[in-house]
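Structure below is input23.cif: mmCIF, C-alpha atoms.
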```cif
data_upload
#
loop_
_atom_site.label_atom_id
_atom_site.label_comp_id
_atom_site.auth_asym_id
_atom_site.auth_seq_id
_atom_site.Cartn_x
_atom_site.Cartn_y
_atom_site.Cartn_z
CA THR A 1 110.16 -25.25 76.58
CA LEU A 2 112.84 -22.95 75.16
CA LYS A 3 114.04 -20.16 77.44
CA GLY A 4 116.10 -17.19 76.24
CA TYR A 5 118.06 -14.53 78.12
CA VAL A 6 119.64 -11.21 77.12
CA ARG A 7 122.99 -11.00 78.89
CA ASN A 8 125.96 -8.71 79.29
CA PRO A 9 128.75 -10.57 77.39
CA ASP A 10 131.42 -9.34 79.83
CA THR A 11 129.73 -10.28 83.11
CA GLY A 12 127.19 -12.88 82.04
CA ARG A 13 124.50 -11.11 84.04
CA ILE A 14 120.97 -10.94 82.65
CA ILE A 15 120.19 -7.37 81.59
CA GLU A 16 117.24 -5.73 83.33
CA GLN A 17 114.92 -3.00 82.12
CA GLY A 18 112.23 -1.45 84.29
CA GLY A 19 113.34 -3.67 87.14
CA LYS A 20 112.58 -6.83 85.15
CA PRO A 21 115.08 -9.25 83.55
CA LEU A 22 115.08 -9.50 79.76
CA THR A 23 113.95 -13.11 79.42
CA VAL A 24 111.43 -14.94 77.31
CA GLU A 25 110.23 -18.53 77.03
CA LYS A 26 108.19 -20.46 74.51
CA ASN A 27 106.45 -23.83 74.71
CA PHE A 28 106.49 -25.89 71.54
CA THR A 29 106.05 -29.42 70.24
CA PRO A 30 108.93 -30.68 68.04
CA SER A 31 107.88 -31.76 64.54
CA GLY A 32 111.08 -33.75 63.96
CA GLU A 33 114.61 -34.38 65.14
CA GLN A 34 115.71 -30.98 63.81
CA GLY A 35 113.94 -27.65 63.60
CA GLU A 36 113.90 -23.99 64.57
CA VAL A 37 112.05 -22.05 67.24
CA GLU A 38 111.87 -18.26 67.16
CA LEU A 39 112.10 -16.23 70.36
CA MET A 40 110.88 -12.63 70.39
CA PHE A 41 112.29 -10.24 73.01
CA SER A 42 110.52 -7.01 73.96
CA LEU A 43 113.06 -4.39 75.02
CA ASP A 44 114.01 -0.72 74.85
CA ALA A 45 116.80 -0.70 72.26
CA VAL A 46 117.56 3.00 72.79
CA ALA A 47 118.49 2.30 76.42
CA LEU A 48 121.10 -0.18 75.13
CA GLU A 49 122.45 2.10 72.39
CA GLY A 50 126.05 1.38 71.50
CA GLU A 51 126.25 -1.79 73.59
CA LYS A 52 126.72 -5.43 72.69
CA VAL A 53 124.44 -8.08 74.16
CA VAL A 54 124.50 -11.85 73.88
CA ILE A 55 121.52 -14.22 73.74
CA THR A 56 121.76 -17.46 75.72
CA GLU A 57 119.23 -20.29 75.59
CA GLU A 58 118.12 -23.29 77.66
CA LEU A 59 115.94 -26.16 76.46
CA TYR A 60 113.68 -28.07 78.89
CA ARG A 61 111.31 -31.02 78.80
CA GLY A 62 109.09 -30.36 81.75
CA GLU A 63 111.45 -29.55 84.63
CA ILE A 64 114.40 -31.41 83.10
CA GLU A 65 117.06 -29.36 81.34
CA LEU A 66 118.03 -31.03 78.08
CA THR A 67 120.70 -28.66 76.78
CA ARG A 68 121.87 -25.07 76.88
CA HIS A 69 123.78 -22.58 74.73
CA ASP A 70 125.47 -20.11 77.06
CA GLU A 71 128.72 -19.15 75.30
CA LEU A 72 129.05 -15.45 76.18
CA HIS A 73 131.37 -14.60 73.30
CA ASP A 74 129.68 -16.51 70.49
CA PRO A 75 129.58 -14.05 67.55
CA ASP A 76 126.48 -15.76 66.15
CA GLN A 77 124.60 -15.03 69.38
CA THR A 78 125.97 -11.49 69.87
CA ILE A 79 124.00 -8.42 68.84
CA SER A 80 125.32 -4.88 68.48
CA VAL A 81 122.47 -2.58 69.51
CA LEU A 82 121.93 0.46 67.28
CA ILE A 83 125.51 0.34 66.01
CA GLY A 84 126.65 0.69 62.41
CA ASP A 85 129.54 1.65 60.19
CA LEU A 86 130.09 4.38 57.63
CA THR A 87 132.83 4.49 54.99
CA VAL A 88 134.10 7.75 53.51
CA THR A 89 136.31 7.68 50.41
CA LYS A 90 138.40 10.58 49.14
CA SER A 91 139.55 10.63 45.49
CA ILE A 92 141.84 13.07 43.64
CA ALA A 93 143.78 13.19 40.37
CA ALA A 94 147.36 12.02 40.86
CA ASP A 95 148.83 14.24 38.13
CA GLU A 96 147.52 17.37 39.89
CA ILE A 97 149.76 16.82 42.92
CA HIS A 98 152.92 18.93 43.30
CA TRP A 99 154.99 17.08 45.90
CA GLU A 100 157.28 20.06 46.43
CA HIS A 101 154.41 21.71 48.28
CA GLY A 102 153.61 18.86 50.64
CA ASN A 103 151.11 16.04 50.84
CA PRO A 104 147.49 16.87 49.90
CA VAL A 105 145.46 16.79 53.12
CA PHE A 106 141.68 16.77 53.54
CA LEU A 107 139.58 16.83 56.72
CA ILE A 108 136.22 15.05 56.91
CA ARG A 109 133.71 15.52 59.73
CA VAL A 110 130.72 13.29 60.50
CA THR A 111 128.13 14.71 62.93
CA GLY A 112 124.65 13.64 63.98
CA ILE A 113 122.14 12.98 66.73
CA THR A 114 121.80 9.29 67.57
CA GLU A 115 118.61 7.35 68.20
CA GLY A 116 119.32 7.81 71.90
CA GLY A 117 119.43 11.59 71.52
CA ASN A 118 123.21 11.93 71.89
CA THR A 119 125.21 14.27 69.65
CA CYS A 120 128.26 12.60 68.10
CA THR A 121 131.15 13.98 66.06
CA PHE A 122 133.72 11.84 64.23
CA PRO A 123 136.59 13.53 62.34
CA HIS A 124 139.12 11.93 60.01
CA LEU A 125 142.16 13.36 58.24
CA PHE A 126 143.04 12.03 54.77
CA CYS A 127 146.71 12.47 53.86
CA PHE A 128 147.95 11.43 50.41
CA GLU A 129 151.59 10.39 50.67
CA ARG A 130 153.82 10.05 47.64
CA ASP A 131 154.66 6.37 48.04
CA PHE A 132 150.98 5.43 48.38
CA VAL A 133 149.96 7.56 45.40
CA GLU A 134 152.64 6.08 43.12
CA LYS A 135 151.58 2.53 44.00
CA ASN A 136 147.80 2.98 43.93
CA THR A 137 146.99 5.34 41.07
CA THR A 138 144.41 3.79 38.72
CA ASP A 139 144.58 3.67 34.93
CA ALA A 140 142.17 6.61 34.95
CA GLY A 141 144.75 8.64 36.86
CA GLU A 142 142.84 8.75 40.14
CA VAL A 143 144.01 7.76 43.61
CA SER A 144 141.72 7.15 46.57
CA LEU A 145 141.86 6.76 50.34
CA SER A 146 139.07 5.23 52.40
CA HIS A 147 138.25 5.27 56.08
CA THR A 148 135.49 3.33 57.83
CA PHE A 149 133.98 4.71 61.02
CA GLN A 150 133.26 1.37 62.72
CA GLY A 151 130.97 0.68 65.66
CA ILE A 152 129.37 4.13 65.67
CA PRO A 153 125.87 4.74 67.10
CA VAL A 154 123.08 4.74 64.54
CA SER A 155 121.68 8.11 63.46
CA ARG A 156 118.93 8.98 61.00
CA SER A 157 120.76 12.12 59.89
CA TYR A 158 124.55 11.87 59.96
CA ARG A 159 126.00 14.86 58.14
CA VAL A 160 129.22 14.05 56.26
CA GLU A 161 131.19 17.16 55.28
CA GLU A 162 134.61 18.21 54.08
CA VAL A 163 136.53 21.28 55.22
CA LYS A 164 137.32 23.65 52.35
CA VAL A 165 140.99 23.68 51.35
CA SER A 166 143.27 25.82 49.19
CA ARG A 167 143.81 24.87 45.54
CA TYR A 168 141.12 22.17 45.53
CA CYS A 169 137.36 22.29 45.20
CA LEU A 170 134.82 19.55 45.67
CA GLY A 171 134.03 18.06 42.28
CA SER A 172 131.31 15.59 43.30
CA VAL A 173 129.76 13.70 46.20
CA THR A 174 128.06 10.35 45.71
CA GLY A 175 126.48 7.74 47.94
CA ASN A 176 125.59 4.09 47.49
CA GLY A 177 121.88 4.18 48.21
CA SER A 178 118.68 6.20 48.55
CA HIS A 179 119.43 6.63 52.27
CA VAL A 180 122.30 8.97 51.26
CA GLN A 181 121.13 12.47 50.30
CA ILE A 182 123.60 14.87 48.70
CA ILE A 183 123.98 18.35 50.21
CA LYS A 184 124.98 20.75 47.42
CA ASN A 185 125.70 23.75 49.62
CA SER A 186 126.63 23.92 53.29
CA GLY A 187 125.69 27.59 53.49
CA GLU A 188 127.38 30.89 52.74
CA GLY A 189 130.35 31.56 54.97
CA SER A 190 130.63 27.95 56.09
CA CYS A 191 134.08 26.40 56.23
CA TYR A 192 132.57 23.16 54.95
CA ALA A 193 132.03 22.29 51.31
CA ALA A 194 129.07 20.30 50.06
CA GLY A 195 128.55 16.88 51.58
CA ALA A 196 125.92 14.27 52.31
CA GLU A 197 123.28 13.38 54.86
CA VAL A 198 123.14 9.69 55.74
CA ASN A 199 120.29 7.75 57.34
CA LEU A 200 122.34 5.05 59.02
CA ALA A 201 119.23 3.66 60.69
CA ALA A 202 118.00 2.55 57.26
CA GLU A 203 121.29 0.86 56.33
CA PRO A 204 123.48 0.34 59.43
CA ASN A 205 126.22 -1.47 57.52
CA GLY A 206 127.91 -1.00 54.16
CA THR A 207 127.14 2.67 53.54
CA GLU A 208 129.78 4.62 51.59
CA VAL A 209 130.10 8.31 50.68
CA VAL A 210 132.66 9.26 48.01
CA PHE A 211 134.19 12.74 47.75
CA LYS A 212 136.01 13.58 44.50
CA ASN A 213 138.13 16.73 44.45
CA LYS A 214 139.65 18.60 41.55
CA LYS A 215 142.43 21.16 41.38
CA THR A 216 141.24 24.70 40.78
CA ASN A 217 144.53 26.57 40.78
CA ASP A 218 148.23 26.31 41.51
CA GLY A 219 148.43 29.37 43.68
CA TRP A 220 151.71 29.99 45.52
CA LEU A 221 153.44 27.64 43.12
CA GLY A 222 156.86 29.28 43.57
CA HIS A 223 159.12 27.34 45.91
CA SER A 224 159.97 30.52 47.81
CA SER A 225 156.31 31.26 48.62
CA TRP A 226 155.11 31.34 52.18
CA VAL A 227 151.64 29.94 52.83
CA ARG A 228 149.61 30.60 55.93
CA ASN A 229 146.81 28.20 56.81
CA VAL A 230 143.81 29.69 58.59
CA ILE A 231 141.54 27.45 60.68
CA LEU A 232 138.06 28.94 60.81
CA SER A 233 136.48 29.32 64.23
CA ASP A 234 133.36 27.23 63.58
CA ILE A 235 135.35 23.97 63.52
CA PRO A 236 134.72 22.26 66.89
#
```

Translate the structure described by the file into structure tokens.
Amino acid sequence: TLKGYVRNPDTGRIIEQGGKPLTVEKNFTPSGEQGEVELMFSLDAVALEGEKVVITEELYRGEIELTRHDELHDPDQTISVLIGDLTVTKSIAADEIHWEHGNPVFLIRVTGITEGGNTCTFPHLFCFERDFVEKNTTDAGEVSLSHTFQGIPVSRSYRVEEVKVSRYCLGSVTGNGSHVQIIKNSGEGSCYAAGAEVNLAAEPNGTEVVFKNKKTNDGWLGHSSWVRNVILSDIP
């Protein structure tokens, strides 16, 4: 008989749902010295959203325990429940940068409602610094920065958007799968440019959204110009 338990990896306690411990056992007859036995757990994954659990096992012959696997921090036995990652990449043309006017800065916001019904917002600021640009510009003249939002709750509709900035417009948005849908317009009057909607439940790991920007003008190019940045009120 193989017995399995869903445990909290920090305390070792068996997790309970509905007043009952998350355990399962299966009787089987070995067909050889080596083999595999599959255990199926019935649980409410939404109630464990964002948590890590570990599966421990005990093997019995009758009432005699033969062996056990109860390492609480074994990565092969650890499961992240409804957790994923999302990478956002920002790309611009290096020869369009005028360093006298500061580092090009772009703000990305990821928002969505998780499987557990919670609203999440994850911002990230991309800042292109001169030393990085000079060392990482490609032969095509582009330079990119990437950021991965790791360990975020899964959502079927994460909205990935970029705040509009002076001098640059959004040239293109691309994703690496059918679970990434491009949003061509965020609405009139919005401070956000076009973006993408990501179904992270379909692909919890390895999703990437790429924003490519292009220079539209060199306004306030004189070194004596004074520029005032205005933050619109609908940014949370």

Taking all listed atoms of region 52-66 of chain A, build the axis-aligned box, pad each of the six sides by 6 Å, then write its centre and edge lengths in Å to one decimal as lines of an AutoDock Vina configuration file.
```
center_x = 117.9
center_y = -18.4
center_z = 78.7
size_x = 29.6
size_y = 38.0
size_z = 23.9
```

Check what the PyMOL selection byres ((chain A and resi 122-133) around 12) selects in the file above and give those residues as JSON, numbers by chain.
-> {"A": [85, 86, 87, 88, 89, 90, 91, 92, 93, 94, 95, 96, 97, 98, 99, 100, 101, 102, 103, 104, 105, 106, 107, 108, 109, 110, 111, 112, 113, 119, 120, 121, 134, 135, 136, 137, 138, 141, 142, 143, 144, 145, 146, 147, 148, 149, 150, 151, 152, 153, 158, 159, 160, 161, 162, 163, 211, 235, 236]}

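Distance-wise, CA of Ser155 (chain A) and CA of Phe41 (chain A) end up 22.7 Å apart.
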
Please identify all polymer residues within 9 Å of Lys184 (chain A), counting all atoms listed in the file, omitting same-chain residues fewer than 2 positions from it, and present them as a PyMOL selection string.
-> chain A and resi 173+182+186+193-196

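Proximity to Glu65 (chain A) was assessed for A:Cys169, A:Leu22, A:Leu2, A:Ala140 counting all atoms listed in the file; the smallest distance is recorded for A:Leu2.
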
Dump as a list in words all residues having an atom at most 10 Å from (122.9, -18.3, 76.3), computed in the file's coordinates with all atoms listed in the file.
-> Lys3, Gly4, Tyr5, Val6, Arg7, Pro9, Gly12, Ile14, Val54, Ile55, Thr56, Glu57, Glu58, Arg68, His69, Asp70, Glu71, Leu72, His73, Asp74, Gln77 and Thr78 of chain A

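If all atoms listed in the file are the atoms counted, then among A:Thr207, A:Ser80, A:Thr11, A:Ser42 the closest residue to Val24 (chain A) is A:Ser42.
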
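Taking CA of Thr114 (chain A) and CA of Asp44 (chain A) as endpoints, the distance between them is 14.6 Å.
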
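For the choices A:Ile15, A:Ser166, A:Gly84, A:Glu115, the atom-to-atom distance to Glu208 (chain A) is smallest for A:Gly84 when using only C-alpha atoms.
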
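For the pair CA of Glu63 (chain A) and CA of Pro30 (chain A), the interatomic distance is 16.8 Å.
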
Report the residues retrieved by the PyMOL selection byres ((chain A and resi 26) around 6) from the displayed file, expressed as a short mmCIF file (atom, residue, chain, number, x, y, z; two decimals) with C-alpha atoms, in the frame of the given file.
```cif
data_model
loop_
_atom_site.label_atom_id
_atom_site.label_comp_id
_atom_site.auth_asym_id
_atom_site.auth_seq_id
_atom_site.Cartn_x
_atom_site.Cartn_y
_atom_site.Cartn_z
CA THR A 1 110.16 -25.25 76.58
CA LEU A 2 112.84 -22.95 75.16
CA GLU A 25 110.23 -18.53 77.03
CA ASN A 27 106.45 -23.83 74.71
#
```

Excluding same-chain residues fewer than 6 positions from Phe28 (chain A), what lies within 12 Å of it counting only C-alpha atoms, as a ChimeraX atom specification?
-> /A:1-3,35-39,59-62

Pick from A:Glu16, A:Arg156, A:Ile83, A:Gly116 nearest to Asn205 (chain A), counting only C-alpha atoms = A:Ile83

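The residue that comes closest to Ala202 (chain A), out of A:Val165, A:Leu170, A:Leu82, A:Val46 and on the basis of all atoms listed in the file, is A:Leu82.
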
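Remark: for Val154 (chain A), the closest of the candidate residues A:Leu66, A:Val53, A:Ile183, A:Leu48 is A:Leu48 (distances computed over only C-alpha atoms).
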